[in-house]
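Only one structure is covered here, and it is reproduced in the block below.
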Amino acid sequence: MLEIKNISKVYGAGTTKVVALNNVSLRVNKGDFIAVMGPSGSGKSTLLNIIGGLDSPSSGEVLLDAKRIDNLDENALVEIRREKIAYVFQEYHLIPSLTALENVLLPLTFCGANKKDQKALDILKRVGLEKRAEHKPSQLSGGEQQRVAIARALVNDPSLILADEPTGNMDRKTGKEILALFDQLNREGRSIVMVTHDPEIAEYAKEIVVLQDGQIVDKINQEGGNKC
Ligand SMILES: Nc1ncnc2c1ncn2[C@@H]1O[C@H](COP(=O)(O)OP(=O)(O)O)[C@@H](O)[C@H]1O
Ligand SMILES: [Mg+2]
């Protein structure tokens, strides 16, 4: 469903030039669960941002359902991302002044108020937070805030979820609860590409892609042998 071909990303020029990605190709099929690992600065976030259209490559192609999206204008890209791709960040990126329910409602711009509320509540229930709907982010634990962020990511029913160090700000036990949720979403047929530093978290994925100096240096298939 999503493919990147011979992607390179260069930041800066001259003495400040950084090659963040160097000729990277990767396919994400329906139902894939890929963990991207590698040292700090190896290009993991850059890769995820290019897959999700948050950043554009210096060269190479990004294809979504066999259509090129790397050369689309901003508006067309926003439209595609809203329909198919959801992002989950390490820092949750919730709006502090809004309740959990209001945060989840944010992307739901196109349906009536009552329907919206019900849908957002259903999704909060799905992530185990129906009792926290009226709480603000500051009243929630890190794991709960990430669940709200995941609920917000799910409202538009994405087929691909991109997560950059989604458990980076929590203890491992809470991280594993978040991964159990990702595992369920993956079993529903959603594809997941997740950046992580933690080998125990990466074990939940079906495949591990290892980046080093902007290049894929290893691909490890974990199907059959992983935790889930
Ligand atoms: N906006 C930017 N401007 C300049 N250099 C950048 C920018 N974003 C990332 N880089 C550089 O690109 C490399 C890869 O960064 P990144 O993808 O964030 O790595 P990772 O997520 O693996 O830690 C690093 O050397 C980083 O300093
Ligand atoms: Mg990063």
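Letters A, B, ... go to the chains of the structure tokens in the order shown; residues in each chain start at 1; ligands are counted from 1 in the same order.
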
Kindly work out which residues sit at most 7 Å from ligand 1, using only C-alpha atoms and all ligand atoms, and give the list as a ChimeraX atom specification. /A:11-12,18-20,38-47

DSSP says helix (DSSP H, G or I) for which residues of region 32-217 of chain A? Put them as an MDAnalysis selection string? chainID A and resid 44:51 74:84 100:105 113:126 130:132 137:139 142:154 172:187 199:202

Compile the contact shell of Leu2 (chain A) as a PyMOL selection string: residues with an atom at most 10 Å away, counting only C-alpha atoms, same-chain residues fewer than 3 positions apart removed. chain A and resi 26-30+51-52+62-69+160+191

Put those residues in a file: C-alpha atoms, as a PDB file, in the first residue's frame.
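Below is the file again29.pdb, written as the result:
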ATOM      1  CA  LEU A  26      10.911   0.229   1.972  1.00  0.00           C
ATOM      2  CA  ARG A  27       7.491  -1.295   1.334  1.00  0.00           C
ATOM      3  CA  VAL A  28       4.664  -1.226   3.844  1.00  0.00           C
ATOM      4  CA  ASN A  29       1.893  -3.690   3.004  1.00  0.00           C
ATOM      5  CA  LYS A  30      -1.553  -3.987   4.535  1.00  0.00           C
ATOM      6  CA  ILE A  51       6.497   8.171   4.832  1.00  0.00           C
ATOM      7  CA  GLY A  52       3.765  10.308   6.431  1.00  0.00           C
ATOM      8  CA  VAL A  62       6.854   7.975  -2.236  1.00  0.00           C
ATOM      9  CA  LEU A  63       3.911   5.922  -3.543  1.00  0.00           C
ATOM     10  CA  LEU A  64       0.620   5.444  -1.714  1.00  0.00           C
ATOM     11  CA  ASP A  65      -1.671   2.834  -3.269  1.00  0.00           C
ATOM     12  CA  ALA A  66       0.560   3.000  -6.362  1.00  0.00           C
ATOM     13  CA  LYS A  67       0.166   6.803  -6.707  1.00  0.00           C
ATOM     14  CA  ARG A  68       3.066   9.169  -6.223  1.00  0.00           C
ATOM     15  CA  ILE A  69       2.504  11.523  -3.282  1.00  0.00           C
ATOM     16  CA  LEU A 160      -1.613   3.246   8.402  1.00  0.00           C
ATOM     17  CA  SER A 191      -0.444  -1.257   9.153  1.00  0.00           C
TER      18      SER A 191
END

Among the residues A:Val36, A:Ala153, A:Leu179, A:Val209, the one that comes closest to Phe89 (chain A) [using only C-alpha atoms]: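 Using only C-alpha atoms, Phe89 (chain A) sits closest to A:Ala153.
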
Would you kindly return, as a CSV table (one decimal) with C-alpha atoms, in the first residue's frame, each protein, DNA or RNA residue with an atom no farther than 7 Å from any atom of region 72-84 of chain A, considering only C-alpha atoms and excluding same-chain residues fewer than 2 positions away?
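Resulting contents of around-v5.csv:
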chain,number,residue,atom,x,y,z
A,53,GLY,CA,4.2,13.3,4.2
A,69,ILE,CA,2.5,11.5,-3.3
A,70,ASP,CA,6.0,13.1,-2.9
A,86,ALA,CA,-2.4,8.8,11.5
A,156,ASN,CA,-10.6,9.0,10.9
A,158,PRO,CA,-6.6,5.3,9.3
A,159,SER,CA,-5.2,2.3,7.4
A,160,LEU,CA,-1.6,3.2,8.4

Just the residues within 12 Å of Leu154 (chain A), please, counting only C-alpha atoms, with nothing from its chain fewer than 2 positions along; format it as a VMD selection string. chain A and resid 82 to 88 103 to 108 119 to 124 126 to 127 147 to 152 156 to 162 181 to 182 185 190

Determine which residues of region 38-206 of chain A receive a DSSP assignment of strand (DSSP E), computed from the backbone, and state them as a PyMOL selection string. chain A and resi 59-64+67-68+85-89+160-164+191-195

Output N, CA and C atoms of each residue in that selection to a file, as a PDB file, in the first residue's frame.
ATOM      1  N   SER A  59      15.423  13.376  -2.917  1.00  0.00           N
ATOM      2  CA  SER A  59      15.254  12.616  -4.159  1.00  0.00           C
ATOM      3  C   SER A  59      14.591  11.292  -3.843  1.00  0.00           C
ATOM      4  N   GLY A  60      14.043  10.653  -4.863  1.00  0.00           N
ATOM      5  CA  GLY A  60      13.328   9.390  -4.686  1.00  0.00           C
ATOM      6  C   GLY A  60      11.828   9.594  -4.762  1.00  0.00           C
ATOM      7  N   GLU A  61      11.085   8.499  -4.609  1.00  0.00           N
ATOM      8  CA  GLU A  61       9.627   8.542  -4.776  1.00  0.00           C
ATOM      9  C   GLU A  61       8.905   7.958  -3.566  1.00  0.00           C
ATOM     10  N   VAL A  62       7.741   8.551  -3.240  1.00  0.00           N
ATOM     11  CA  VAL A  62       6.854   7.975  -2.236  1.00  0.00           C
ATOM     12  C   VAL A  62       5.543   7.625  -2.941  1.00  0.00           C
ATOM     13  N   LEU A  63       5.145   6.352  -2.884  1.00  0.00           N
ATOM     14  CA  LEU A  63       3.911   5.922  -3.543  1.00  0.00           C
ATOM     15  C   LEU A  63       2.917   5.411  -2.511  1.00  0.00           C
ATOM     16  N   LEU A  64       1.690   5.931  -2.574  1.00  0.00           N
ATOM     17  CA  LEU A  64       0.620   5.444  -1.714  1.00  0.00           C
ATOM     18  C   LEU A  64      -0.437   4.836  -2.623  1.00  0.00           C
ATOM     19  N   LYS A  67       0.138   5.428  -6.178  1.00  0.00           N
ATOM     20  CA  LYS A  67       0.166   6.803  -6.707  1.00  0.00           C
ATOM     21  C   LYS A  67       1.261   7.596  -6.023  1.00  0.00           C
ATOM     22  N   ARG A  68       1.998   8.350  -6.803  1.00  0.00           N
ATOM     23  CA  ARG A  68       3.066   9.169  -6.223  1.00  0.00           C
ATOM     24  C   ARG A  68       2.481  10.279  -5.357  1.00  0.00           C
ATOM     25  N   ILE A  85      -3.648   8.156   6.901  1.00  0.00           N
ATOM     26  CA  ILE A  85      -2.466   8.018   7.755  1.00  0.00           C
ATOM     27  C   ILE A  85      -2.658   8.765   9.064  1.00  0.00           C
ATOM     28  N   ALA A  86      -2.319   8.115  10.175  1.00  0.00           N
ATOM     29  CA  ALA A  86      -2.394   8.782  11.472  1.00  0.00           C
ATOM     30  C   ALA A  86      -1.024   8.758  12.132  1.00  0.00           C
ATOM     31  N   TYR A  87      -0.733   9.808  12.886  1.00  0.00           N
ATOM     32  CA  TYR A  87       0.563   9.954  13.530  1.00  0.00           C
ATOM     33  C   TYR A  87       0.418   9.914  15.048  1.00  0.00           C
ATOM     34  N   VAL A  88       1.319   9.204  15.728  1.00  0.00           N
ATOM     35  CA  VAL A  88       1.372   9.229  17.196  1.00  0.00           C
ATOM     36  C   VAL A  88       2.793   9.623  17.586  1.00  0.00           C
ATOM     37  N   PHE A  89       2.922  10.622  18.472  1.00  0.00           N
ATOM     38  CA  PHE A  89       4.239  11.167  18.806  1.00  0.00           C
ATOM     39  C   PHE A  89       4.647  10.794  20.232  1.00  0.00           C
ATOM     40  N   LEU A 160      -3.035   3.283   8.012  1.00  0.00           N
ATOM     41  CA  LEU A 160      -1.613   3.246   8.402  1.00  0.00           C
ATOM     42  C   LEU A 160      -1.394   4.145   9.618  1.00  0.00           C
ATOM     43  N   ILE A 161      -0.769   3.574  10.651  1.00  0.00           N
ATOM     44  CA  ILE A 161      -0.442   4.354  11.844  1.00  0.00           C
ATOM     45  C   ILE A 161       1.075   4.481  11.931  1.00  0.00           C
ATOM     46  N   LEU A 162       1.558   5.714  12.036  1.00  0.00           N
ATOM     47  CA  LEU A 162       2.985   5.979  12.174  1.00  0.00           C
ATOM     48  C   LEU A 162       3.229   6.460  13.595  1.00  0.00           C
ATOM     49  N   ALA A 163       4.183   5.863  14.289  1.00  0.00           N
ATOM     50  CA  ALA A 163       4.417   6.223  15.691  1.00  0.00           C
ATOM     51  C   ALA A 163       5.909   6.437  15.918  1.00  0.00           C
ATOM     52  N   ASP A 164       6.272   7.638  16.377  1.00  0.00           N
ATOM     53  CA  ASP A 164       7.687   7.959  16.617  1.00  0.00           C
ATOM     54  C   ASP A 164       7.985   7.893  18.110  1.00  0.00           C
ATOM     55  N   SER A 191      -1.901  -1.161   9.213  1.00  0.00           N
ATOM     56  CA  SER A 191      -0.444  -1.257   9.153  1.00  0.00           C
ATOM     57  C   SER A 191       0.144  -0.282  10.171  1.00  0.00           C
ATOM     58  N   ILE A 192       1.267  -0.679  10.765  1.00  0.00           N
ATOM     59  CA  ILE A 192       1.931   0.181  11.750  1.00  0.00           C
ATOM     60  C   ILE A 192       3.417   0.265  11.431  1.00  0.00           C
ATOM     61  N   VAL A 193       3.942   1.478  11.425  1.00  0.00           N
ATOM     62  CA  VAL A 193       5.392   1.671  11.382  1.00  0.00           C
ATOM     63  C   VAL A 193       5.745   2.470  12.628  1.00  0.00           C
ATOM     64  N   MET A 194       6.584   1.877  13.479  1.00  0.00           N
ATOM     65  CA  MET A 194       6.875   2.461  14.785  1.00  0.00           C
ATOM     66  C   MET A 194       8.380   2.582  15.002  1.00  0.00           C
ATOM     67  N   VAL A 195       8.829   3.777  15.352  1.00  0.00           N
ATOM     68  CA  VAL A 195      10.227   3.971  15.718  1.00  0.00           C
ATOM     69  C   VAL A 195      10.377   3.693  17.205  1.00  0.00           C
TER      70      VAL A 195
END

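Using only C-alpha atoms and all ligand atoms for every distance, the candidate list A:Gln212, A:Asn114, A:Gln90, A:Gln139 yields A:Gln90 as the residue closest to ligand 2.
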
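Going from CA of Glu188 (chain A) over to CA of Asp32 (chain A), you cover 11.1 Å.
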
Show which residues sit within 12 Å of region 141-144 of chain A, as a PyMOL selection string. Count only C-alpha atoms, and ignore same-chain residues fewer than 3 positions away. chain A and resi 90-94+100+124+127-133+135-138+147-151+166-179+181

For CA of Glu200 (chain A) and CA of Gln146 (chain A), the interatomic separation in Å (one decimal): 18.5 Å

Computed interatomic separation between CA of Pro57 (chain A) and CA of Glu3 (chain A) (Å):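 About the pair CA of Pro57 (chain A) and CA of Glu3 (chain A): they are 13.2 Å apart.
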
Nearest to ligand 2, restricted to only C-alpha atoms and all ligand atoms and choosing among A:Asn186, A:Ile50, A:Asn22, A:Glu165, comes out as A:Glu165
